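Chemist: Here you go, protein-v6.pdb (PDB, C-alpha atoms):
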```pdb
ATOM      1  CA  MET V   1      14.434  41.795-156.964
ATOM      2  CA  PHE V   2      17.896  40.303-157.459
ATOM      3  CA  ARG V   3      16.598  37.782-159.986
ATOM      4  CA  GLY V   4      14.561  40.427-161.803
ATOM      5  CA  ILE V   5      17.468  42.846-162.114
ATOM      6  CA  THR V   6      19.706  40.034-163.340
ATOM      7  CA  MET V   7      17.221  38.873-165.984
ATOM      8  CA  LEU V   8      16.690  42.437-167.204
ATOM      9  CA  LEU V   9      20.455  42.799-167.614
ATOM     10  CA  MET V  10      20.639  39.411-169.335
ATOM     11  CA  VAL V  11      18.129  40.246-172.086
ATOM     12  CA  PHE V  12      19.799  43.665-172.375
ATOM     13  CA  VAL V  13      23.311  42.347-173.040
ATOM     14  CA  ASN V  14      21.948  39.570-175.278
ATOM     15  CA  GLU V  15      20.844  42.307-177.702
ATOM     16  CA  PHE V  16      24.368  43.575-178.344
ATOM     17  CA  TRP V  17      24.907  41.310-181.364
ATOM     18  CA  LYS V  18      22.358  43.381-183.308
ATOM     19  CA  VAL V  19      24.253  46.685-182.971
ATOM     20  CA  TYR V  20      27.745  48.017-183.617
ATOM     21  CA  ASN V  21      30.626  49.304-181.471
ATOM     22  CA  VAL V  22      29.194  48.609-178.036
ATOM     23  CA  PRO V  23      31.455  50.131-175.326
ATOM     24  CA  HIS V  24      33.910  47.429-174.371
ATOM     25  CA  PHE V  25      33.179  47.514-170.634
ATOM     26  CA  LEU V  26      29.621  46.344-171.415
ATOM     27  CA  GLU V  27      30.698  43.400-173.594
ATOM     28  CA  HIS V  28      32.239  39.986-172.977
ATOM     29  CA  PHE V  29      35.989  40.214-172.625
ATOM     30  CA  ALA V  30      38.113  37.888-174.749
ATOM     31  CA  THR V  31      39.177  34.577-173.225
ATOM     32  CA  LEU V  32      42.782  35.619-172.545
ATOM     33  CA  GLU V  33      41.990  39.275-171.863
ATOM     34  CA  ASP V  34      42.564  40.110-168.220
ATOM     35  CA  GLY V  35      39.277  41.643-167.120
ATOM     36  CA  MET V  36      35.521  41.333-167.252
ATOM     37  CA  GLY V  37      32.668  43.400-168.630
ATOM     38  CA  LEU V  38      29.018  43.654-167.663
ATOM     39  CA  SER V  39      28.205  40.730-169.972
ATOM     40  CA  ASP V  40      30.648  38.528-168.030
ATOM     41  CA  ILE V  41      28.862  39.224-164.737
ATOM     42  CA  VAL V  42      25.213  38.615-165.627
ATOM     43  CA  PHE V  43      25.164  34.825-166.065
ATOM     44  CA  PRO V  44      27.053  33.997-162.833
ATOM     45  CA  MET V  45      24.842  36.464-160.951
ATOM     46  CA  PHE V  46      21.852  34.506-162.219
ATOM     47  CA  LEU V  47      23.487  31.324-160.895
ATOM     48  CA  PHE V  48      23.918  33.113-157.569
ATOM     49  CA  ALA V  49      20.203  33.984-157.530
ATOM     50  CA  MET V  50      19.311  30.386-158.348
ATOM     51  CA  GLY V  51      21.538  29.063-155.568
ATOM     52  CA  MET V  52      20.095  31.518-153.043
ATOM     53  CA  SER V  53      16.539  30.443-153.879
ATOM     54  CA  ILE V  54      17.168  26.705-153.473
ATOM     55  CA  PRO V  55      17.096  26.578-149.637
ATOM     56  CA  TYR V  56      13.914  28.652-149.501
ATOM     57  CA  ALA V  57      12.171  26.538-152.142
ATOM     58  CA  LEU V  58      13.160  23.178-150.661
ATOM     59  CA  GLU V  59      12.325  24.243-147.107
ATOM     60  CA  ARG V  60       8.907  25.410-148.325
ATOM     61  CA  ARG V  61       8.250  21.968-149.833
ATOM     62  CA  ARG V  62       9.344  20.358-146.572
ATOM     63  CA  GLU V  63       6.970  22.569-144.560
ATOM     64  CA  LYS V  64       4.131  21.517-146.863
ATOM     65  CA  GLY V  65       4.792  17.867-146.073
ATOM     66  CA  TYR V  66       6.463  16.698-149.275
ATOM     67  CA  SER V  67       8.722  13.676-148.838
ATOM     68  CA  THR V  68      12.410  13.647-149.729
ATOM     69  CA  GLU V  69      11.655  11.268-152.615
ATOM     70  CA  SER V  70       8.984  13.629-153.958
ATOM     71  CA  THR V  71      11.339  16.593-153.715
ATOM     72  CA  LEU V  72      14.074  14.650-155.514
ATOM     73  CA  ARG V  73      11.655  13.831-158.345
ATOM     74  CA  HIS V  74      10.773  17.537-158.489
ATOM     75  CA  ILE V  75      14.470  18.451-158.753
ATOM     76  CA  LEU V  76      15.030  15.915-161.515
ATOM     77  CA  SER V  77      11.987  17.088-163.504
ATOM     78  CA  ARG V  78      13.122  20.718-163.324
ATOM     79  CA  THR V  79      16.631  19.706-164.358
ATOM     80  CA  LEU V  80      15.279  17.758-167.327
ATOM     81  CA  ALA V  81      13.166  20.736-168.428
ATOM     82  CA  LEU V  82      16.185  23.068-168.334
ATOM     83  CA  LEU V  83      18.368  20.566-170.198
ATOM     84  CA  VAL V  84      15.750  20.081-172.921
ATOM     85  CA  MET V  85      15.192  23.804-173.424
ATOM     86  CA  GLY V  86      18.907  24.545-173.284
ATOM     87  CA  THR V  87      19.691  21.859-175.854
ATOM     88  CA  PHE V  88      17.055  23.122-178.294
ATOM     89  CA  ILE V  89      18.266  26.714-177.985
ATOM     90  CA  CYS V  90      21.883  25.580-178.324
ATOM     91  CA  ASN V  91      21.145  23.680-181.544
ATOM     92  CA  GLN V  92      19.388  26.609-183.215
ATOM     93  CA  GLU V  93      22.266  28.922-182.273
ATOM     94  CA  SER V  94      25.217  26.669-183.015
ATOM     95  CA  ARG V  95      25.180  26.149-186.756
ATOM     96  CA  GLN V  96      23.001  27.274-189.626
ATOM     97  CA  MET V  97      20.255  24.691-189.877
ATOM     98  CA  LEU V  98      18.516  23.545-193.013
ATOM     99  CA  GLY V  99      14.967  24.637-193.752
ATOM    100  CA  ASN V 100      13.033  27.576-192.372
ATOM    101  CA  ARG V 101      14.947  28.551-189.239
ATOM    102  CA  ALA V 102      12.463  31.272-188.262
ATOM    103  CA  LEU V 103       9.567  28.802-188.273
ATOM    104  CA  TRP V 104      11.656  26.233-186.380
ATOM    105  CA  VAL V 105      12.491  28.739-183.631
ATOM    106  CA  LEU V 106       8.868  29.876-183.420
ATOM    107  CA  LEU V 107       7.643  26.283-183.069
ATOM    108  CA  MET V 108      10.400  25.588-180.533
ATOM    109  CA  VAL V 109       9.253  28.391-178.233
ATOM    110  CA  THR V 110       5.620  27.335-178.768
ATOM    111  CA  GLY V 111       6.559  23.812-177.697
ATOM    112  CA  PHE V 112       8.229  25.169-174.549
ATOM    113  CA  PHE V 113       5.130  27.100-173.553
ATOM    114  CA  LEU V 114       2.824  24.166-174.283
ATOM    115  CA  CYS V 115       4.934  21.812-172.164
ATOM    116  CA  TRP V 116       5.778  24.074-169.240
ATOM    117  CA  ASN V 117       3.101  26.753-169.086
ATOM    118  CA  GLN V 118       1.654  27.326-165.619
ATOM    119  CA  TYR V 119      -1.843  26.051-166.364
ATOM    120  CA  PRO V 120      -4.722  26.525-163.910
ATOM    121  CA  LYS V 121      -4.937  23.686-161.402
ATOM    122  CA  GLU V 122      -7.289  20.850-162.340
ATOM    123  CA  TRP V 123      -7.707  22.293-165.846
ATOM    124  CA  LYS V 124      -8.392  19.175-167.929
ATOM    125  CA  PRO V 125      -7.004  20.368-171.310
ATOM    126  CA  ALA V 126      -3.600  20.998-169.679
ATOM    127  CA  SER V 127      -2.425  17.394-170.034
ATOM    128  CA  TRP V 128      -3.382  17.350-173.724
ATOM    129  CA  LEU V 129      -1.572  20.608-174.381
ATOM    130  CA  LYS V 130       1.536  19.324-172.603
ATOM    131  CA  ALA V 131       1.455  16.159-174.704
ATOM    132  CA  LEU V 132       1.057  18.261-177.847
ATOM    133  CA  GLY V 133       4.068  20.350-176.834
ATOM    134  CA  ALA V 134       6.154  17.230-176.235
ATOM    135  CA  LEU V 135       5.210  15.817-179.657
ATOM    136  CA  LEU V 136       6.021  19.148-181.290
ATOM    137  CA  LEU V 137       9.485  19.258-179.710
ATOM    138  CA  MET V 138      10.144  15.621-180.643
ATOM    139  CA  GLY V 139       9.172  16.372-184.222
ATOM    140  CA  LEU V 140      11.451  19.403-184.354
ATOM    141  CA  ALA V 141      14.365  17.369-182.987
ATOM    142  CA  ILE V 142      13.807  14.608-185.567
ATOM    143  CA  TYR V 143      13.431  17.126-188.412
ATOM    144  CA  TYR V 144      16.572  19.064-187.435
ATOM    145  CA  ARG V 145      19.490  18.933-189.867
ATOM    146  CA  THR V 146      22.501  21.135-190.556
ATOM    147  CA  PRO V 147      24.046  21.748-194.007
ATOM    148  CA  ASP V 148      26.720  19.141-193.275
ATOM    149  CA  GLY V 149      24.081  16.568-192.287
ATOM    150  CA  ALA V 150      24.538  16.739-188.516
ATOM    151  CA  LEU V 151      21.591  15.682-186.365
ATOM    152  CA  PHE V 152      20.088  17.266-183.275
ATOM    153  CA  GLN V 153      22.576  16.743-180.414
ATOM    154  CA  GLY V 154      23.564  17.745-176.897
ATOM    155  CA  LEU V 155      26.457  20.053-177.824
ATOM    156  CA  TRP V 156      27.313  22.278-174.823
ATOM    157  CA  TRP V 157      23.748  22.247-173.404
ATOM    158  CA  GLY V 158      23.293  26.008-173.777
ATOM    159  CA  ILE V 159      22.868  28.540-170.989
ATOM    160  CA  LEU V 160      19.691  26.940-169.639
ATOM    161  CA  GLY V 161      21.303  23.517-169.751
ATOM    162  CA  GLN V 162      24.268  24.751-167.749
ATOM    163  CA  ILE V 163      21.869  26.281-165.250
ATOM    164  CA  GLY V 164      20.130  22.894-165.126
ATOM    165  CA  TRP V 165      23.319  21.010-164.220
ATOM    166  CA  MET V 166      24.220  23.606-161.591
ATOM    167  CA  TYR V 167      20.697  23.456-160.171
ATOM    168  CA  LEU V 168      20.834  19.651-159.977
ATOM    169  CA  PHE V 169      24.138  19.680-158.107
ATOM    170  CA  CYS V 170      23.234  22.475-155.679
ATOM    171  CA  ALA V 171      19.695  21.261-154.980
ATOM    172  CA  VAL V 172      20.749  17.669-154.316
ATOM    173  CA  ALA V 173      23.664  18.878-152.185
ATOM    174  CA  TYR V 174      21.324  20.989-150.062
ATOM    175  CA  LEU V 175      18.734  18.211-149.877
ATOM    176  CA  LEU V 176      21.349  15.756-148.602
ATOM    177  CA  PHE V 177      23.312  18.041-146.297
ATOM    178  CA  ARG V 178      20.829  20.681-145.137
ATOM    179  CA  GLU V 179      21.348  19.576-141.505
ATOM    180  CA  ARG V 180      25.159  19.583-141.866
ATOM    181  CA  PRO V 181      26.082  23.053-143.087
ATOM    182  CA  TRP V 182      29.799  22.358-142.701
ATOM    183  CA  VAL V 183      29.512  19.975-145.643
ATOM    184  CA  LEU V 184      28.024  22.772-147.744
ATOM    185  CA  ALA V 185      30.883  25.018-146.628
ATOM    186  CA  VAL V 186      33.375  22.401-147.789
ATOM    187  CA  LEU V 187      31.579  22.124-151.136
ATOM    188  CA  TRP V 188      31.696  25.899-151.522
ATOM    189  CA  ALA V 189      35.407  25.993-150.746
ATOM    190  CA  ALA V 190      36.105  23.077-153.081
ATOM    191  CA  LEU V 191      34.100  24.375-156.034
ATOM    192  CA  CYS V 192      34.262  28.113-155.277
ATOM    193  CA  LEU V 193      30.481  28.370-155.554
ATOM    194  CA  MET V 194      28.681  30.955-153.498
ATOM    195  CA  ASN V 195      25.842  29.499-151.436
ATOM    196  CA  LEU V 196      24.650  31.857-148.709
ATOM    197  CA  SER V 197      22.250  29.229-147.389
ATOM    198  CA  VAL V 198      25.300  28.021-145.444
ATOM    199  CA  THR V 199      25.212  31.214-143.368
ATOM    200  CA  ASP V 200      21.455  31.100-142.752
ATOM    201  CA  TRP V 201      21.835  29.167-139.492
ATOM    202  CA  LYS V 202      24.519  31.566-138.271
ATOM    203  CA  LEU V 203      22.437  34.669-138.881
ATOM    204  CA  GLN V 204      19.068  33.666-137.417
ATOM    205  CA  LYS V 205      19.721  35.475-134.115
ATOM    206  CA  GLN V 206      21.313  38.561-135.645
ATOM    207  CA  THR V 207      19.613  41.933-136.086
ATOM    208  CA  ALA V 208      18.960  43.317-139.562
ATOM    209  CA  ALA V 209      21.869  45.745-139.176
ATOM    210  CA  GLN V 210      24.202  42.950-138.074
ATOM    211  CA  ARG V 211      23.149  40.779-141.007
ATOM    212  CA  ALA V 212      23.834  43.651-143.391
ATOM    213  CA  GLY V 213      27.226  44.196-141.810
ATOM    214  CA  ILE V 214      28.076  40.503-142.168
ATOM    215  CA  GLY V 215      26.892  40.572-145.800
ATOM    216  CA  PHE V 216      29.034  43.560-146.740
ATOM    217  CA  ALA V 217      31.967  42.123-144.782
ATOM    218  CA  ALA V 218      31.636  38.845-146.697
ATOM    219  CA  ALA V 219      31.616  40.793-149.970
ATOM    220  CA  ALA V 220      34.747  42.656-148.907
ATOM    221  CA  VAL V 221      36.521  39.418-147.961
ATOM    222  CA  LEU V 222      35.606  37.862-151.315
ATOM    223  CA  ALA V 223      36.883  40.966-153.124
ATOM    224  CA  VAL V 224      40.179  40.848-151.223
ATOM    225  CA  LEU V 225      40.537  37.145-152.005
ATOM    226  CA  GLY V 226      39.831  37.993-155.658
ATOM    227  CA  MET V 227      42.589  40.608-155.664
ATOM    228  CA  ALA V 228      44.976  38.128-154.068
ATOM    229  CA  ALA V 229      44.083  35.470-156.650
ATOM    230  CA  HIS V 230      44.539  38.053-159.418
ATOM    231  CA  THR V 231      48.264  38.099-158.697
ATOM    232  CA  GLY V 232      48.464  34.554-160.038
ATOM    233  CA  TRP V 233      45.573  34.261-162.495
ATOM    234  CA  ILE V 234      43.909  36.527-165.016
ATOM    235  CA  ILE V 235      40.237  37.489-164.779
ATOM    236  CA  SER V 236      38.456  35.426-167.432
ATOM    237  CA  LYS V 237      34.866  34.285-167.602
ATOM    238  CA  ASN V 238      35.500  31.878-170.479
ATOM    239  CA  LEU V 239      38.210  30.094-168.503
ATOM    240  CA  GLY V 240      36.261  30.321-165.258
ATOM    241  CA  THR V 241      39.335  31.583-163.402
ATOM    242  CA  LEU V 242      39.410  31.977-159.615
ATOM    243  CA  PRO V 243      39.627  35.826-159.583
ATOM    244  CA  TRP V 244      36.574  36.073-161.881
ATOM    245  CA  CYS V 245      34.588  33.717-159.646
ATOM    246  CA  LEU V 246      35.535  35.571-156.457
ATOM    247  CA  PHE V 247      34.893  39.057-157.868
ATOM    248  CA  VAL V 248      31.476  38.064-159.203
ATOM    249  CA  SER V 249      30.648  36.449-155.861
ATOM    250  CA  ALA V 250      31.664  39.658-154.084
ATOM    251  CA  LEU V 251      29.468  41.775-156.359
ATOM    252  CA  SER V 252      26.534  39.365-155.928
ATOM    253  CA  VAL V 253      26.766  39.288-152.131
ATOM    254  CA  ALA V 254      27.045  43.081-151.964
ATOM    255  CA  LEU V 255      24.061  43.635-154.275
ATOM    256  CA  TYR V 256      21.958  41.026-152.488
ATOM    257  CA  THR V 257      22.732  42.590-149.102
ATOM    258  CA  LEU V 258      21.891  46.047-150.451
ATOM    259  CA  LEU V 259      18.551  44.778-151.778
ATOM    260  CA  ARG V 260      17.733  43.169-148.426
ATOM    261  CA  LEU V 261      18.324  46.547-146.781
ATOM    262  CA  ALA V 262      16.056  48.214-149.352
ATOM    263  CA  GLU V 263      13.381  45.589-148.699
ATOM    264  CA  ARG V 264      13.494  46.030-144.924
ATOM    265  CA  ASN V 265      13.221  49.801-145.281
ATOM    266  CA  GLY V 266      10.316  49.653-147.745
ATOM    267  CA  ILE V 267      12.349  51.033-150.656
ATOM    268  CA  THR V 268      10.912  48.667-153.265
ATOM    269  CA  GLY V 269       8.568  50.794-155.383
ATOM    270  CA  TRP V 270      11.265  51.256-158.044
ATOM    271  CA  PHE V 271      11.186  47.511-158.728
ATOM    272  CA  LYS V 272       7.482  47.264-159.582
ATOM    273  CA  PRO V 273       7.831  48.158-163.318
ATOM    274  CA  ILE V 274      10.245  45.238-163.858
ATOM    275  CA  SER V 275       8.892  42.864-161.199
ATOM    276  CA  VAL V 276       7.692  40.395-163.847
ATOM    277  CA  ALA V 277      11.363  39.687-164.609
ATOM    278  CA  GLY V 278      11.664  38.315-161.084
ATOM    279  CA  THR V 279       8.375  36.393-160.995
ATOM    280  CA  ALA V 280       8.211  35.134-164.600
ATOM    281  CA  THR V 281      11.940  34.924-165.234
ATOM    282  CA  LEU V 282      11.897  32.037-167.684
ATOM    283  CA  THR V 283       9.120  33.676-169.693
ATOM    284  CA  VAL V 284      11.184  36.852-170.031
ATOM    285  CA  TYR V 285      14.171  34.788-171.144
ATOM    286  CA  MET V 286      12.174  33.068-173.904
ATOM    287  CA  ILE V 287      10.448  36.117-175.391
ATOM    288  CA  PRO V 288      13.556  37.393-177.261
ATOM    289  CA  TYR V 289      13.577  34.150-179.242
ATOM    290  CA  LEU V 290      10.199  35.082-180.716
ATOM    291  CA  PHE V 291      11.769  38.332-181.895
ATOM    292  CA  ILE V 292      14.778  36.380-183.189
ATOM    293  CA  ALA V 293      12.403  34.289-185.300
ATOM    294  CA  LEU V 294      11.006  37.500-186.780
ATOM    295  CA  TRP V 295      14.534  38.840-187.291
ATOM    296  CA  VAL V 296      15.620  35.683-189.108
ATOM    297  CA  ALA V 297      12.481  35.698-191.266
ATOM    298  CA  VAL V 298      13.031  39.289-192.387
ATOM    299  CA  SER V 299      16.855  38.891-192.475
ATOM    300  CA  PRO V 300      17.579  42.579-191.922
ATOM    301  CA  THR V 301      20.984  44.194-191.603
ATOM    302  CA  PRO V 302      21.415  46.412-188.540
ATOM    303  CA  ALA V 303      21.184  50.060-189.485
ATOM    304  CA  PRO V 304      24.618  51.769-189.601
ATOM    305  CA  TRP V 305      23.458  54.361-187.100
ATOM    306  CA  LEU V 306      22.841  51.664-184.459
ATOM    307  CA  THR V 307      26.332  52.117-183.104
ATOM    308  CA  GLY V 308      27.914  53.062-179.790
ATOM    309  CA  TRP V 309      25.591  54.448-177.154
ATOM    310  CA  VAL V 310      22.732  54.777-179.660
ATOM    311  CA  GLY V 311      22.943  51.023-180.182
ATOM    312  CA  VAL V 312      23.102  50.459-176.421
ATOM    313  CA  ALA V 313      19.966  52.607-175.974
ATOM    314  CA  LYS V 314      18.210  50.472-178.594
ATOM    315  CA  CYS V 315      19.185  47.328-176.649
ATOM    316  CA  ALA V 316      17.814  48.857-173.451
ATOM    317  CA  LEU V 317      14.561  49.690-175.240
ATOM    318  CA  MET V 318      14.250  46.100-176.504
ATOM    319  CA  ALA V 319      14.823  44.777-172.980
ATOM    320  CA  CYS V 320      11.945  46.967-171.760
ATOM    321  CA  ILE V 321       9.757  45.682-174.609
ATOM    322  CA  TYR V 322      10.515  42.092-173.569
ATOM    323  CA  ILE V 323       9.494  42.926-170.007
ATOM    324  CA  LEU V 324       6.264  44.482-171.269
ATOM    325  CA  CYS V 325       5.510  41.433-173.433
ATOM    326  CA  ALA V 326       6.095  39.123-170.466
ATOM    327  CA  TRP V 327       3.741  41.230-168.368
ATOM    328  CA  GLY V 328       1.054  40.937-171.057
ATOM    329  CA  LEU V 329       1.509  37.172-171.353
ATOM    330  CA  THR V 330       1.274  36.613-167.601
ATOM    331  CA  LYS V 331      -1.900  38.688-167.478
ATOM    332  CA  ALA V 332      -3.283  36.399-170.204
ATOM    333  CA  GLY V 333      -2.387  33.322-168.141
ATOM    334  CA  VAL V 334       0.735  32.357-170.118
ATOM    335  CA  LYS V 335       3.788  31.816-167.920
ATOM    336  CA  LEU V 336       6.603  29.280-168.095
ATOM    337  CA  LYS V 337       6.905  27.363-164.831
ATOM    338  CA  ILE V 338       9.115  24.344-164.198
TER     339      ILE V 338
END
```
Would you write out, as structure tokens, the structure that this file holds?
Modeler:
Amino acid sequence: MFRGITMLLMVFVNEFWKVYNVPHFLEHFATLEDGMGLSDIVFPMFLFAMGMSIPYALERRREKGYSTESTLRHILSRTLALLVMGTFICNQESRQMLGNRALWVLLMVTGFFLCWNQYPKEWKPASWLKALGALLLMGLAIYYRTPDGALFQGLWWGILGQIGWMYLFCAVAYLLFRERPWVLAVLWAALCLMNLSVTDWKLQKQTAAQRAGIGFAAAAVLAVLGMAAHTGWIISKNLGTLPWCLFVSALSVALYTLLRLAERNGITGWFKPISVAGTATLTVYMIPYLFIALWVAVSPTPAPWLTGWVGVAKCALMACIYILCAWGLTKAGVKLKI
């Protein structure tokens, strides 16, 4: 639920560039502007969801009998996939490329799905389709040029690439120190990264109400620490300041705890319409790029009336359309899985 809500918000705020005069509290704040908007919260909340899922995923592999070496290879392959996708997306966004950008973006997303679609097990054509996807992406990277002659390059790795590096660090840290939670606590304190897997051992004997109380108390402590840090630093996502990190951690812990309470009390029916955002998250993230390819091909100018809350409503509608498209693709057996 947490991951699904976060992804829905992510595709929602990513639509703002197509409309005018979005209310400031929904946008990214400027680098030196003391504060944060909704757009500054979404990406770190996704990192929080990723970090929370790592202990569950790695423990599940351990229960199934996978070796540490096998799990490490799995971590590295997932990291590589995120870095590759992030780098491709970053290159098409960074500078105007030569040639037909719409076609390039369309082929890029096609290559992603060919390489990392969740094919049926033991389906023989899968390996051929993956190889075709890899060749397609290699060809696109070789073909890539910018007006000033620059080649395809790493740049800043893109959002997915940054997620990949964070995933690599957190997953390896958990794999190495899962039996020594104090080490994870030290890593959290040193890097100011929220990782609630540290508290999992402490909460095993607690009741649901006690766990919720600890969760909300942790959120309150993080918020107080954020307010204390705010006396010395501004709140800035772009600079990654301490108050921003602590406030986002507080919001994430509070929301996660609230969702756990909803789950335990059976209040989950509201999530069903957007559940695909939590189960096919990467697919939902990629679908807007297909629409971007169409946008670039048509080269429209946003209508003047797409301004303010009307523009925000349009962005919300597009986010719902992306969710619906992802639902249709998963029903047809098309789902990105790394």
Chemist: Could you check which of V:Gly240, V:Gly161, V:Arg264, V:Ala313 is closest to V:Thr207, using all atoms listed in the file?
Modeler: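 That would be V:Arg264, the residue with the smallest distance to V:Thr207.
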Chemist: Could you spell out the hits of the PyMOL selection byres ((chain V and resi 50) around 12) on the shown file, as a ChimeraX atom specification?
Modeler: /V:2-4,6-7,43-49,51-57,160,163-171,193-197,252,278,281
Chemist: Report as a tab-separated table (two decimals) with C-alpha atoms, keeping the file's coordinate frame the residues that result from applying the PyMOL selection byres ((chain V and resi 257) around 10) to the structure here.
Modeler:
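Written output follows (expr39.tsv):
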```tsv
chain	number	residue	atom	x	y	z
V	2	PHE	CA	17.90	40.30	-157.46
V	211	ARG	CA	23.15	40.78	-141.01
V	212	ALA	CA	23.83	43.65	-143.39
V	213	GLY	CA	27.23	44.20	-141.81
V	214	ILE	CA	28.08	40.50	-142.17
V	215	GLY	CA	26.89	40.57	-145.80
V	216	PHE	CA	29.03	43.56	-146.74
V	218	ALA	CA	31.64	38.84	-146.70
V	219	ALA	CA	31.62	40.79	-149.97
V	251	LEU	CA	29.47	41.78	-156.36
V	252	SER	CA	26.53	39.36	-155.93
V	253	VAL	CA	26.77	39.29	-152.13
V	254	ALA	CA	27.04	43.08	-151.96
V	255	LEU	CA	24.06	43.64	-154.28
V	256	TYR	CA	21.96	41.03	-152.49
V	258	LEU	CA	21.89	46.05	-150.45
V	259	LEU	CA	18.55	44.78	-151.78
V	260	ARG	CA	17.73	43.17	-148.43
V	261	LEU	CA	18.32	46.55	-146.78
V	262	ALA	CA	16.06	48.21	-149.35
V	263	GLU	CA	13.38	45.59	-148.70
```
Chemist: Applying the PyMOL selection byres ((chain V and resi 279) around 10) to the file I just gave you, which residues come out? Please list them as number ranges by chain.
Modeler: V: 1, 3-4, 274-278, 280-284, 327, 330, 335, 337
Chemist: Using only C-alpha atoms, can you tell me which of V:Ile321, V:Phe247, V:Lys237, V:Thr68 comes closest to V:His28?
Modeler: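 The shortest atom-to-atom distance to V:His28 comes from V:Lys237.
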Chemist: Box for stretch 67-83 of chain V - axis-aligned, 3 Å on each of the six sides, all listed atoms - centre and size in Å to one decimal, as lines of an AutoDock Vina configuration file.
Modeler:
```
center_x = 13.5
center_y = 17.2
center_z = -159.5
size_x = 15.6
size_y = 17.8
size_z = 27.4
```
Chemist: Nearest residue to V:Ile323 out of V:Phe29, V:Tyr119, V:Tyr285, V:Trp233, using only C-alpha atoms?
Modeler: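 Among the listed residues, V:Tyr285 lies closest to V:Ile323.
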Chemist: Using all atoms listed in the file, which of V:Pro23, V:Gly328, V:Pro288, V:Gly139 sits nearest V:Trp309?
Modeler: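 Closest to V:Trp309 of all the choices is V:Pro23.
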Chemist: Which residues are close to V:Leu58, i.e. within 10 Å by all atoms listed in the file, leaving aside same-chain residues fewer than 5 positions away? Reply as a PyMOL selection string.
Modeler: chain V and resi 53+63-64+66+68+71-72+74-75+171+174-175+178
Chemist: Find the distance between atom CA of V:Met227 and atom CA of V:Leu242 and write it in Å to one decimal.
Modeler: 10.0 Å
Chemist: V:Gly269, V:Pro304, V:Gly35, V:Gly226: which is nearest V:Pro243, counting only C-alpha atoms?
Modeler: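 Of all the options, V:Gly226 lies closest to V:Pro243.
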Chemist: So, counting all atoms listed in the file, which residue among V:Trp128, V:Trp305, V:Phe291, V:Trp244 is closest to V:Asn21?
Modeler: V:Trp305
Chemist: May I have the residues within 8 Å of V:Leu140 as a list in words, using all atoms listed in the file and disregarding those fewer than 5 positions away in the same chain?
Modeler: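 Near V:Leu140, the qualifying residues are Trp104, Leu107 and Met108 of chain V.
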Chemist: Using atom CA of V:Thr268 and atom CA of V:Ser39 as the two end points, give the distance in Å to one decimal.
Modeler: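 Here the two named atoms are 25.3 Å from each other.
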Chemist: At what distance in Å, to one decimal, does atom CA of V:Glu15 lie from atom CA of V:Thr79?
Modeler: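 Answer for the atom CA of V:Thr79 to atom CA of V:Glu15 separation: 26.6 Å.
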Chemist: Within 12 Å of V:Met138, counting all atoms listed in the file, which residues qualify if same-chain residues fewer than 4 places away don't, as a list in words?
Modeler: Val84, Phe88, Leu107, Met108, Gly111, Phe112, Cys115, Ala131, Leu132, Gly133, Ala134, Ile142, Tyr143, Tyr144 and Phe152 of chain V
Chemist: Can you write out as a Markdown table which residues of stretch 36-138 of chain V fall within 10 Å of stretch 293-302 of chain V, alongside each residue's closest atom pair and its distance in Å to one decimal, counting only C-alpha atoms and ordering rows by chain and ascending residue number?
Modeler:
```
| residue | atom | partner | partner_atom | distance |
| --- | --- | --- | --- | --- |
| V:Asn100 | CA | V:Ala297 | CA | 8.2 |
| V:Arg101 | CA | V:Val296 | CA | 7.2 |
| V:Ala102 | CA | V:Ala293 | CA | 4.2 |
| V:Leu103 | CA | V:Ala293 | CA | 6.9 |
| V:Trp104 | CA | V:Ala293 | CA | 8.2 |
| V:Val105 | CA | V:Ala293 | CA | 5.8 |
| V:Leu106 | CA | V:Ala293 | CA | 6.0 |
| V:Leu107 | CA | V:Ala293 | CA | 9.6 |
| V:Val109 | CA | V:Ala293 | CA | 9.7 |
```
Chemist: Using the incomplete input, complete stretch 260-267 of chain V to the level of N, CA and C atoms; output as an mmCIF file, in the frame of the given file.
Modeler:
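For reference, rebuild.cif as written:
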```cif
data_model
loop_
_atom_site.group_PDB
_atom_site.id
_atom_site.type_symbol
_atom_site.label_atom_id
_atom_site.label_comp_id
_atom_site.auth_asym_id
_atom_site.auth_seq_id
_atom_site.Cartn_x
_atom_site.Cartn_y
_atom_site.Cartn_z
ATOM 1 N N ARG V 260 18.405 43.539 -149.673
ATOM 2 C CA ARG V 260 17.733 43.169 -148.426
ATOM 3 C C ARG V 260 17.510 44.398 -147.546
ATOM 4 N N LEU V 261 18.494 45.302 -147.526
ATOM 5 C CA LEU V 261 18.324 46.547 -146.781
ATOM 6 C C LEU V 261 17.188 47.375 -147.363
ATOM 7 N N ALA V 262 17.141 47.466 -148.699
ATOM 8 C CA ALA V 262 16.056 48.214 -149.352
ATOM 9 C C ALA V 262 14.700 47.605 -149.023
ATOM 10 N N GLU V 263 14.638 46.272 -149.009
ATOM 11 C CA GLU V 263 13.381 45.589 -148.699
ATOM 12 C C GLU V 263 12.925 45.896 -147.268
ATOM 13 N N ARG V 264 13.854 45.812 -146.331
ATOM 14 C CA ARG V 264 13.494 46.030 -144.924
ATOM 15 C C ARG V 264 13.088 47.472 -144.651
ATOM 16 N N ASN V 265 13.566 48.387 -145.477
ATOM 17 C CA ASN V 265 13.221 49.801 -145.281
ATOM 18 C C ASN V 265 12.102 50.260 -146.209
ATOM 19 N N GLY V 266 11.463 49.322 -146.892
ATOM 20 C CA GLY V 266 10.316 49.653 -147.745
ATOM 21 C C GLY V 266 10.672 50.393 -149.012
ATOM 22 N N ILE V 267 11.926 50.322 -149.439
ATOM 23 C CA ILE V 267 12.349 51.033 -150.656
ATOM 24 C C ILE V 267 12.295 50.042 -151.812
#
```
